[in-house]
file entry-v7.pdb (PDB, C-alpha atoms)
ATOM      1  CA  MET A   1       0.000   0.000   0.000
ATOM      2  CA  ARG A   2       2.750   2.446   0.990
ATOM      3  CA  LYS A   3       4.810   1.531  -2.072
ATOM      4  CA  ALA A   4       1.834   2.138  -4.371
ATOM      5  CA  ARG A   5       1.213   5.528  -2.739
ATOM      6  CA  ASP A   6       4.881   6.529  -3.124
ATOM      7  CA  LEU A   7       4.844   5.522  -6.763
ATOM      8  CA  SER A   8       1.650   7.497  -7.417
ATOM      9  CA  LEU A   9       3.063  10.594  -5.685
ATOM     10  CA  LYS A  10       6.284  10.273  -7.646
ATOM     11  CA  PHE A  11       4.308   9.990 -10.889
ATOM     12  CA  CYS A  12       2.238  13.066  -9.991
ATOM     13  CA  MET A  13       5.361  15.113  -9.255
ATOM     14  CA  LYS A  14       6.946  14.077 -12.546
ATOM     15  CA  LEU A  15       3.705  14.889 -14.350
ATOM     16  CA  CYS A  16       3.547  18.357 -12.765
ATOM     17  CA  ALA A  17       7.196  19.002 -13.633
ATOM     18  CA  GLY A  18       6.611  17.864 -17.214
ATOM     19  CA  ILE A  19       3.528  20.074 -17.610
ATOM     20  CA  THR A  20       5.459  23.068 -16.272
ATOM     21  CA  CYS A  21       8.302  22.465 -18.727
ATOM     22  CA  LEU A  22       5.844  22.061 -21.609
ATOM     23  CA  ILE A  23       4.133  25.359 -20.742
ATOM     24  CA  LEU A  24       7.493  27.131 -20.633
ATOM     25  CA  LEU A  25       8.611  25.600 -23.926
ATOM     26  CA  GLY A  26       5.259  26.487 -25.487
ATOM     27  CA  ILE A  27       5.512  30.136 -24.456
ATOM     28  CA  ILE A  28       9.130  30.448 -25.617
ATOM     29  CA  GLY A  29       8.366  28.604 -28.855
ATOM     30  CA  TYR A  30       5.410  30.889 -29.642
ATOM     31  CA  LEU A  31       7.511  33.980 -28.932
ATOM     32  CA  LEU A  32      10.277  32.712 -31.203
ATOM     33  CA  TYR A  33       7.762  31.837 -33.929
ATOM     34  CA  ARG A  34       6.207  35.318 -33.869
ATOM     35  CA  GLY A  35       9.321  37.331 -33.098
ATOM     36  CA  ILE A  36      12.244  35.914 -35.091
ATOM     37  CA  PRO A  37      10.871  36.852 -38.561
ATOM     38  CA  GLY A  38      10.860  40.546 -37.566
ATOM     39  CA  ILE A  39      14.486  40.614 -36.391
ATOM     40  CA  SER A  40      16.976  42.030 -38.861
ATOM     41  CA  GLY A  41      20.230  43.954 -38.896
ATOM     42  CA  GLU A  42      18.413  47.261 -39.325
ATOM     43  CA  PHE A  43      16.016  46.387 -36.511
ATOM     44  CA  LEU A  44      18.920  45.851 -34.100
ATOM     45  CA  THR A  45      21.250  48.662 -35.218
ATOM     46  CA  ALA A  46      18.949  51.579 -36.052
ATOM     47  CA  GLN A  47      16.495  53.831 -34.261
ATOM     48  CA  THR A  48      12.819  54.317 -34.969
ATOM     49  CA  SER A  49      12.068  56.935 -37.614
ATOM     50  CA  TYR A  50       8.500  58.009 -38.279
ATOM     51  CA  ILE A  51       9.652  59.950 -41.358
ATOM     52  CA  LYS A  52      11.245  56.884 -42.973
ATOM     53  CA  ASP A  53       8.624  54.568 -41.426
ATOM     54  CA  THR A  54      11.288  52.279 -39.972
ATOM     55  CA  VAL A  55      11.552  50.627 -36.567
ATOM     56  CA  GLY A  56      14.828  50.123 -34.695
ATOM     57  CA  ILE A  57      15.531  49.201 -31.105
ATOM     58  CA  LEU A  58      19.214  50.105 -30.724
ATOM     59  CA  PRO A  59      18.341  53.015 -28.361
ATOM     60  CA  ASN A  60      16.261  50.669 -26.199
ATOM     61  CA  ILE A  61      19.033  48.052 -26.048
ATOM     62  CA  LEU A  62      21.535  50.708 -24.965
ATOM     63  CA  ASN A  63      19.113  52.160 -22.410
ATOM     64  CA  THR A  64      18.610  48.702 -20.914
ATOM     65  CA  LEU A  65      22.373  48.188 -20.666
ATOM     66  CA  TYR A  66      22.754  51.626 -19.059
ATOM     67  CA  LEU A  67      20.173  50.678 -16.441
ATOM     68  CA  ILE A  68      21.838  47.346 -15.715
ATOM     69  CA  LEU A  69      25.243  48.995 -15.370
ATOM     70  CA  LEU A  70      24.081  51.701 -12.963
ATOM     71  CA  VAL A  71      21.873  49.434 -10.881
ATOM     72  CA  MET A  72      24.448  46.692 -10.424
ATOM     73  CA  LEU A  73      27.302  49.108  -9.690
ATOM     74  CA  ILE A  74      25.341  50.532  -6.768
ATOM     75  CA  ALA A  75      23.005  47.751  -5.644
ATOM     76  CA  VAL A  76      25.562  44.919  -5.431
ATOM     77  CA  PRO A  77      28.045  46.664  -3.072
ATOM     78  CA  LEU A  78      25.181  48.008  -0.939
ATOM     79  CA  GLY A  79      23.347  44.686  -0.814
ATOM     80  CA  VAL A  80      26.401  42.544  -0.139
ATOM     81  CA  GLY A  81      27.678  45.006   2.457
ATOM     82  CA  ALA A  82      24.332  45.057   4.249
ATOM     83  CA  ALA A  83      24.157  41.257   4.246
ATOM     84  CA  VAL A  84      27.708  40.960   5.598
ATOM     85  CA  TYR A  85      26.938  43.424   8.372
ATOM     86  CA  LEU A  86      23.717  41.668   9.343
ATOM     87  CA  THR A  87      25.232  38.177   9.404
ATOM     88  CA  GLU A  88      28.782  38.825  10.617
ATOM     89  CA  TYR A  89      28.833  42.051  12.644
ATOM     90  CA  ALA A  90      25.391  43.029  13.935
ATOM     91  CA  SER A  91      24.908  41.971  17.541
ATOM     92  CA  ASP A  92      21.685  43.815  18.382
ATOM     93  CA  ARG A  93      18.778  41.545  17.478
ATOM     94  CA  ARG A  94      16.418  44.500  17.299
ATOM     95  CA  ILE A  95      18.425  46.042  14.467
ATOM     96  CA  THR A  96      18.661  42.820  12.500
ATOM     97  CA  ASN A  97      14.965  42.082  12.976
ATOM     98  CA  ALA A  98      14.036  45.610  11.862
ATOM     99  CA  VAL A  99      16.211  45.391   8.747
ATOM    100  CA  SER A 100      14.934  41.894   7.922
ATOM    101  CA  PHE A 101      11.348  43.106   8.270
ATOM    102  CA  ALA A 102      12.071  46.078   5.988
ATOM    103  CA  VAL A 103      13.668  43.802   3.375
ATOM    104  CA  GLU A 104      10.729  41.391   3.396
ATOM    105  CA  THR A 105       8.262  44.283   3.189
ATOM    106  CA  LEU A 106      10.051  45.854   0.224
ATOM    107  CA  THR A 107      10.012  42.507  -1.563
ATOM    108  CA  GLY A 108       6.212  42.381  -1.479
ATOM    109  CA  ILE A 109       5.525  45.930  -2.707
ATOM    110  CA  PRO A 110       4.149  46.106  -6.294
ATOM    111  CA  SER A 111       6.500  47.688  -8.816
ATOM    112  CA  ILE A 112       3.957  50.330  -9.795
ATOM    113  CA  ILE A 113       4.208  51.700  -6.242
ATOM    114  CA  PHE A 114       7.977  51.963  -6.619
ATOM    115  CA  GLY A 115       7.412  53.876  -9.843
ATOM    116  CA  LEU A 116       5.042  56.359  -8.224
ATOM    117  CA  VAL A 117       7.324  56.871  -5.219
ATOM    118  CA  GLY A 118      10.353  57.200  -7.507
ATOM    119  CA  MET A 119       8.576  59.808  -9.621
ATOM    120  CA  LEU A 120       7.512  61.745  -6.514
ATOM    121  CA  PHE A 121      10.892  61.635  -4.747
ATOM    122  CA  PHE A 122      13.517  61.622  -7.503
ATOM    123  CA  THR A 123      11.821  63.761 -10.172
ATOM    124  CA  GLN A 124       9.658  66.128  -8.132
ATOM    125  CA  ILE A 125      11.446  66.504  -4.794
ATOM    126  CA  LEU A 126      15.068  66.080  -5.947
ATOM    127  CA  GLY A 127      14.402  67.734  -9.304
ATOM    128  CA  LEU A 128      15.807  65.006 -11.539
ATOM    129  CA  ARG A 129      14.430  64.732 -15.049
ATOM    130  CA  GLN A 130      12.885  61.579 -16.381
ATOM    131  CA  GLY A 131      15.765  59.434 -17.549
ATOM    132  CA  ILE A 132      18.150  56.600 -16.851
ATOM    133  CA  LEU A 133      19.359  58.096 -13.555
ATOM    134  CA  ALA A 134      15.902  58.407 -11.986
ATOM    135  CA  GLY A 135      14.931  54.979 -13.327
ATOM    136  CA  ALA A 136      18.118  53.353 -12.024
ATOM    137  CA  LEU A 137      17.733  54.869  -8.553
ATOM    138  CA  THR A 138      14.186  53.517  -8.397
ATOM    139  CA  LEU A 139      15.281  50.066  -9.548
ATOM    140  CA  ILE A 140      18.088  50.021  -6.975
ATOM    141  CA  ILE A 141      15.496  50.247  -4.205
ATOM    142  CA  MET A 142      13.541  47.441  -5.870
ATOM    143  CA  VAL A 143      16.416  44.964  -6.262
ATOM    144  CA  LEU A 144      18.246  45.638  -2.978
ATOM    145  CA  PRO A 145      16.024  43.210  -1.010
ATOM    146  CA  THR A 146      16.775  40.455  -3.522
ATOM    147  CA  VAL A 147      20.538  40.950  -3.274
ATOM    148  CA  ILE A 148      20.466  41.244   0.527
ATOM    149  CA  SER A 149      18.298  38.183   1.126
ATOM    150  CA  ASN A 150      20.167  35.884  -1.281
ATOM    151  CA  THR A 151      23.565  37.004  -0.023
ATOM    152  CA  GLY A 152      22.491  36.687   3.617
ATOM    153  CA  GLU A 153      21.191  33.155   3.148
ATOM    154  CA  SER A 154      24.390  32.153   1.371
ATOM    155  CA  LEU A 155      26.545  33.646   4.138
ATOM    156  CA  LEU A 156      24.581  31.772   6.796
ATOM    157  CA  ALA A 157      25.107  28.541   4.850
ATOM    158  CA  VAL A 158      28.894  28.812   5.213
ATOM    159  CA  PRO A 159      29.901  26.384   8.010
ATOM    160  CA  GLN A 160      30.815  28.049  11.298
ATOM    161  CA  SER A 161      33.921  25.871  11.466
ATOM    162  CA  TYR A 162      35.387  27.816   8.529
ATOM    163  CA  ARG A 163      35.157  31.026  10.517
ATOM    164  CA  GLU A 164      36.545  29.443  13.674
ATOM    165  CA  GLY A 165      39.438  27.894  11.755
ATOM    166  CA  ALA A 166      40.396  31.206  10.145
ATOM    167  CA  LEU A 167      40.225  33.068  13.460
ATOM    168  CA  ALA A 168      42.231  30.320  15.186
ATOM    169  CA  LEU A 169      45.011  30.811  12.609
ATOM    170  CA  GLY A 170      45.268  34.473  13.557
ATOM    171  CA  SER A 171      43.062  36.008  10.877
ATOM    172  CA  GLY A 172      41.266  39.249  11.678
ATOM    173  CA  LYS A 173      37.521  39.599  11.427
ATOM    174  CA  TRP A 174      37.446  41.425   8.090
ATOM    175  CA  HIS A 175      40.241  39.274   6.630
ATOM    176  CA  MET A 176      38.265  36.175   7.596
ATOM    177  CA  VAL A 177      35.100  37.520   5.972
ATOM    178  CA  ARG A 178      36.926  38.612   2.818
ATOM    179  CA  THR A 179      39.053  35.514   2.245
ATOM    180  CA  VAL A 180      36.948  32.702   3.718
ATOM    181  CA  VAL A 181      33.279  33.588   4.044
ATOM    182  CA  LEU A 182      32.618  35.600   0.886
ATOM    183  CA  PRO A 183      34.359  33.172  -1.532
ATOM    184  CA  ASN A 184      32.291  30.312  -0.119
ATOM    185  CA  ALA A 185      29.110  32.375  -0.442
ATOM    186  CA  VAL A 186      29.701  33.436  -4.044
ATOM    187  CA  ASP A 187      26.913  31.158  -5.351
ATOM    188  CA  GLY A 188      24.270  33.063  -3.403
ATOM    189  CA  ILE A 189      25.733  36.408  -4.397
ATOM    190  CA  VAL A 190      25.713  35.462  -8.080
ATOM    191  CA  THR A 191      22.147  34.167  -7.756
ATOM    192  CA  GLY A 192      21.043  37.458  -6.212
ATOM    193  CA  CYS A 193      22.751  39.386  -9.016
ATOM    194  CA  ILE A 194      21.100  37.241 -11.695
ATOM    195  CA  LEU A 195      17.661  37.745 -10.145
ATOM    196  CA  ALA A 196      18.324  41.475  -9.840
ATOM    197  CA  VAL A 197      19.371  41.749 -13.479
ATOM    198  CA  GLY A 198      16.303  39.789 -14.508
ATOM    199  CA  ARG A 199      14.073  42.234 -12.689
ATOM    200  CA  VAL A 200      15.873  45.227 -14.188
ATOM    201  CA  VAL A 201      15.530  43.844 -17.723
ATOM    202  CA  GLY A 202      11.884  42.889 -17.317
ATOM    203  CA  GLU A 203      10.671  45.924 -15.375
ATOM    204  CA  SER A 204       8.353  48.338 -17.117
ATOM    205  CA  ALA A 205       5.788  49.699 -14.648
ATOM    206  CA  ALA A 206       8.311  51.558 -12.485
ATOM    207  CA  LEU A 207      10.252  52.850 -15.507
ATOM    208  CA  LEU A 208       7.178  54.322 -17.162
ATOM    209  CA  PHE A 209       7.095  57.010 -14.458
ATOM    210  CA  THR A 210      10.825  57.511 -13.937
ATOM    211  CA  ALA A 211      12.821  56.678 -17.097
ATOM    212  CA  GLY A 212      10.211  57.791 -19.625
ATOM    213  CA  PHE A 213       9.095  56.802 -23.138
ATOM    214  CA  GLY A 214      11.870  58.272 -25.294
ATOM    215  CA  LEU A 215      12.914  56.230 -28.331
ATOM    216  CA  ARG A 216      15.819  58.457 -29.447
ATOM    217  CA  LEU A 217      19.415  57.276 -29.634
ATOM    218  CA  LEU A 218      21.290  58.914 -26.741
ATOM    219  CA  GLY A 219      24.744  58.652 -25.273
ATOM    220  CA  PHE A 220      25.192  57.590 -21.669
ATOM    221  CA  ALA A 221      25.577  61.135 -20.314
ATOM    222  CA  ASP A 222      22.554  62.454 -22.218
ATOM    223  CA  ALA A 223      20.392  59.457 -21.316
ATOM    224  CA  LEU A 224      20.880  60.088 -17.588
ATOM    225  CA  GLN A 225      18.626  63.175 -17.708
ATOM    226  CA  SER A 226      16.579  62.521 -20.851
ATOM    227  CA  SER A 227      13.485  60.414 -21.443
ATOM    228  CA  ALA A 228      14.780  56.973 -22.417
ATOM    229  CA  ALA A 229      12.725  53.811 -22.870
ATOM    230  CA  SER A 230      14.182  50.431 -22.001
ATOM    231  CA  LEU A 231      13.365  47.296 -23.992
ATOM    232  CA  SER A 232      10.447  46.372 -21.750
ATOM    233  CA  VAL A 233       8.995  49.895 -21.956
ATOM    234  CA  ALA A 234       9.451  49.892 -25.732
ATOM    235  CA  LEU A 235       7.597  46.569 -25.898
ATOM    236  CA  TYR A 236       4.718  48.159 -23.971
ATOM    237  CA  ILE A 237       4.700  51.201 -26.270
ATOM    238  CA  TYR A 238       4.661  49.235 -29.512
ATOM    239  CA  ALA A 239       2.089  46.709 -28.288
ATOM    240  CA  ASN A 240      -0.282  48.907 -26.301
ATOM    241  CA  GLU A 241       0.085  52.397 -27.754
ATOM    242  CA  GLU A 242       0.855  51.728 -31.431
ATOM    243  CA  GLY A 243      -0.601  48.254 -31.922
ATOM    244  CA  LYS A 244       2.560  46.898 -33.604
ATOM    245  CA  PHE A 245       2.438  43.415 -32.140
ATOM    246  CA  ASP A 246       5.006  41.964 -34.546
ATOM    247  CA  VAL A 247       7.563  44.496 -33.257
ATOM    248  CA  ALA A 248       6.553  43.691 -29.686
ATOM    249  CA  PHE A 249       7.136  39.967 -30.228
ATOM    250  CA  SER A 250      10.546  40.686 -31.766
ATOM    251  CA  ILE A 251      11.495  42.805 -28.755
ATOM    252  CA  ALA A 252      10.357  39.963 -26.487
ATOM    253  CA  VAL A 253      12.790  37.616 -28.246
ATOM    254  CA  ILE A 254      15.598  40.163 -27.782
ATOM    255  CA  LEU A 255      14.712  40.447 -24.088
ATOM    256  CA  ILE A 256      14.991  36.680 -23.690
ATOM    257  CA  ALA A 257      18.345  36.682 -25.495
ATOM    258  CA  VAL A 258      19.724  39.568 -23.399
ATOM    259  CA  THR A 259      18.624  37.911 -20.165
ATOM    260  CA  LEU A 260      20.162  34.584 -21.206
ATOM    261  CA  ILE A 261      23.479  36.201 -22.165
ATOM    262  CA  ILE A 262      23.691  38.137 -18.894
ATOM    263  CA  ASN A 263      22.851  35.057 -16.841
ATOM    264  CA  LEU A 264      25.507  33.002 -18.611
ATOM    265  CA  ALA A 265      28.045  35.772 -18.096
ATOM    266  CA  ALA A 266      27.195  36.011 -14.385
ATOM    267  CA  ALA A 267      27.470  32.232 -14.002
ATOM    268  CA  PHE A 268      30.859  32.282 -15.761
ATOM    269  CA  VAL A 269      32.127  35.055 -13.476
ATOM    270  CA  GLY A 270      30.903  33.160 -10.411
ATOM    271  CA  LYS A 271      32.672  30.028 -11.604
ATOM    272  CA  LYS A 272      35.913  31.946 -12.122
ATOM    273  CA  VAL A 273      35.680  33.468  -8.640
ATOM    274  CA  ARG A 274      35.127  30.057  -7.053
ATOM    275  CA  LYS A 275      38.046  28.606  -8.998
ATOM    276  CA  ASP A 276      40.386  31.426  -7.952
TER     277      ASP A 276
END
call {"tool": "encode", "arguments": {"input": "entry-v7.pdb", "output": "C-alpha cells"}}
result
Amino acid sequence: MRKARDLSLKFCMKLCAGITCLILLGIIGYLLYRGIPGISGEFLTAQTSYIKDTVGILPNILNTLYLILLVMLIAVPLGVGAAVYLTEYASDRRITNAVSFAVETLTGIPSIIFGLVGMLFFTQILGLRQGILAGALTLIIMVLPTVISNTGESLLAVPQSYREGALALGSGKWHMVRTVVLPNAVDGIVTGCILAVGRVVGESAALLFTAGFGLRLLGFADALQSSAASLSVALYIYANEEGKFDVAFSIAVILIAVTLIINLAAAFVGKKVRKD
C-alpha cells in the first residue's frame, strides 16, 4: 500500500514538472515563432524613424544596458555590504529584525508603487528629469532586497567551522570575511545578481514614471537626464500604444536573449571566482 502511494506521488510530481516544462517551452516557442521573422540587422542597429517609417531598437538596447550597469554598480556593493553586516557584525537583534522586516516588506511591494514613489521623490522633490538616472535609482530600491536576502542566506550557509578555523590561525575579522566567508558564499551572491538583473531587464511599470518613453538614440551622459525607454517599456509602447504586435514579439525575443546572455556571463564570473 505504501509503495503504491509513493509511486503514485512520484508519478504526480513528474507529471507536474513535465507540464510546467511544456508550458514554458510552449511560451518560448510561440515567442520565437512570432518574433524571429521581424528581427533584422536594421532592426537591431537603427532607431525608430516616423519619417522613414522604420523601426529600430538600438536606443532601447543601450538604455537597458545603461540601467543594468548603474543598478548593479550601486546595488551589489550596498546589498552585499548590508548582508555581511547583518550576518557577521550586527549583535543587536532588534536592528537585525528591523532590517529583515524592511527587506521582506520591500520585496512584497508592487513595482507600480515603486514607480510612483520614484517619480515623486527623484523627479519632483530632488528635481531630476525623467531618464536613466531616476529609473536606475528607483530600480536600486527594488532589487536591494533580492541581493540582501540571497547574499544573507548564502553567508549563513557557510559552516561556522570555517570562521573558527580562520580566526584560530590568527586572521582578523574582516580578513576572515573577505578571504573565507565571501568566496564560499559566491553562489548566493551570483544568484542574487542574476535575479536582480532579470528584474531590471523585465521591469516596465516603475520605468514608465521615472525613465520615460523616449525612443531616441542617446549617449550615456545624455540618457541620464533625458526620457529613455528600455526594452520592456518599448515593448509596452509598440504593443499597447501603437498596436505593432510583430515588433513587440521581436522585442520579447531580444529580451529573452539579453537575459540569457547576462545570466551566462554572471554564471561564468561566479565560476571563475570560485576557482580562484
call {"tool": "residues_around", "arguments": {"input": "entry-v7.pdb", "residues": "Tyr33 in chain A", "least_positions_apart": "5", "cutoff": "10 Å", "atoms": "only C-alpha atoms", "output": "list of chain:residue names"}}
result
A:Ile27, A:Ile28, A:Gly38, A:Phe249, A:Ser250, A:Val253
call {"tool": "closest_residue", "arguments": {"input": "entry-v7.pdb", "among": "A:Pro159, A:Pro59, A:Gly26, A:Pro183", "to": "Gly214 in chain A", "atoms": "all atoms listed in the file"}}
result
A:Pro59
call {"tool": "residues_around", "arguments": {"input": "entry-v7.pdb", "residues": "Ala211 in chain A", "least_positions_apart": "6", "cutoff": "7 Å", "atoms": "all atoms listed in the file", "output": "PDB file with C-alpha atoms, in the coordinates of the input"}}
result
ATOM      1  CA  GLN A 130      12.885  61.579 -16.381  1.00  0.00           C
ATOM      2  CA  GLY A 131      15.765  59.434 -17.549  1.00  0.00           C
ATOM      3  CA  ILE A 132      18.150  56.600 -16.851  1.00  0.00           C
ATOM      4  CA  ALA A 134      15.902  58.407 -11.986  1.00  0.00           C
ATOM      5  CA  GLY A 135      14.931  54.979 -13.327  1.00  0.00           C
ATOM      6  CA  SER A 227      13.485  60.414 -21.443  1.00  0.00           C
ATOM      7  CA  ALA A 228      14.780  56.973 -22.417  1.00  0.00           C
ATOM      8  CA  ALA A 229      12.725  53.811 -22.870  1.00  0.00           C
TER       9      ALA A 229
END
call {"tool": "resolve_selection", "arguments": {"input": "entry-v7.pdb", "expression": "the PyMOL selection byres ((chain A and resi 222) around 12)", "output": "JSON, numbers by chain"}}
result
{"A": [63, 66, 129, 130, 131, 132, 133, 214, 216, 217, 218, 219, 220, 221, 223, 224, 225, 226, 227, 228]}
call {"tool": "atom_distance", "arguments": {"input": "entry-v7.pdb", "atom1": "CA of Arg199 in chain A", "atom2": "CA of Ile112 in chain A"}}
result
13.3 Å
call {"tool": "closest_residue", "arguments": {"input": "entry-v7.pdb", "among": "A:Val201, A:Thr179, A:Tyr238, A:Leu15", "to": "Ala257 in chain A", "atoms": "only C-alpha atoms"}}
result
A:Val201
call {"tool": "residues_around", "arguments": {"input": "entry-v7.pdb", "residues": "Val147 in chain A", "least_positions_apart": "4", "cutoff": "6 Å", "atoms": "all atoms listed in the file", "output": "compact mmCIF listing (two decimals) with C-alpha atoms, keeping the file's coordinate frame"}}
result
# COMPACT_ATOMS: atom_id res chain seq x y z
CA GLY A 79 23.35 44.69 -0.81
CA THR A 151 23.56 37.00 -0.02
CA GLY A 192 21.04 37.46 -6.21
call {"tool": "residues_around", "arguments": {"input": "entry-v7.pdb", "residues": "range 240-247 of chain A", "least_positions_apart": "5", "cutoff": "12 Å", "atoms": "all atoms listed in the file", "output": "ChimeraX atom specification"}}
result
/A:31-40,43-44,48,54-57,213,231-235,252-254
call {"tool": "axis_aligned_box", "arguments": {"input": "entry-v7.pdb", "around": "range 20-38 of chain A", "padding_each_side": "8 Å", "output": "AutoDock Vina command-line options"}}
result
--center_x 8.2 --center_y 31.3 --center_z -27.4 --size_x 24.1 --size_y 34.5 --size_z 38.3
call {"tool": "atom_distance", "arguments": {"input": "entry-v7.pdb", "atom1": "CA of Leu207 in chain A", "atom2": "CA of Val103 in chain A"}}
result
21.2 Å
call {"tool": "atom_distance", "arguments": {"input": "entry-v7.pdb", "atom1": "CA of Phe268 in chain A", "atom2": "CA of Met176 in chain A"}}
result
24.8 Å
call {"tool": "resolve_selection", "arguments": {"input": "entry-v7.pdb", "expression": "the PyMOL selection byres ((chain A and resi 84) around 12)", "output": "ChimeraX atom specification"}}
result
/A:76-83,85-90,96,147-156,173-174,176-178,181-182,185,189
call {"tool": "residues_near_point", "arguments": {"input": "entry-v7.pdb", "point": "(4.4, 49.1, -5.7)", "cutoff": "12 Å", "atoms": "all atoms listed in the file", "output": "list in words"}}
result
Thr105, Leu106, Thr107, Gly108, Ile109, Pro110, Ser111, Ile112, Ile113, Phe114, Gly115, Leu116, Val117, Gly118, Thr138, Leu139, Ile141, Met142, Glu203, Ala205 and Ala206 of chain A
call {"tool": "closest_residue", "arguments": {"input": "entry-v7.pdb", "among": "A:Ile256, A:Val71, A:Ile262, A:Ala17", "to": "Val143 in chain A", "atoms": "only C-alpha atoms"}}
result
A:Val71
call {"tool": "closest_residue", "arguments": {"input": "entry-v7.pdb", "among": "A:Val186, A:Leu208, A:Ile61, A:Met119", "to": "Gln47 in chain A", "atoms": "all atoms listed in the file"}}
result
A:Ile61
call {"tool": "closest_residue", "arguments": {"input": "entry-v7.pdb", "among": "A:Cys16, A:Tyr236, A:Thr210, A:Val200", "to": "Phe122 in chain A", "atoms": "all atoms listed in the file"}}
result
A:Thr210
call {"tool": "closest_residue", "arguments": {"input": "entry-v7.pdb", "among": "A:Asp6, A:Thr259, A:Leu67, A:Leu169", "to": "Ile140 in chain A", "atoms": "all atoms listed in the file"}}
result
A:Leu67
call {"tool": "residues_around", "arguments": {"input": "entry-v7.pdb", "residues": "Tyr162 in chain A", "least_positions_apart": "4", "cutoff": "10 Å", "atoms": "all atoms listed in the file", "output": "PyMOL selection string"}}
result
chain A and resi 158+166-168+176+180-181+184
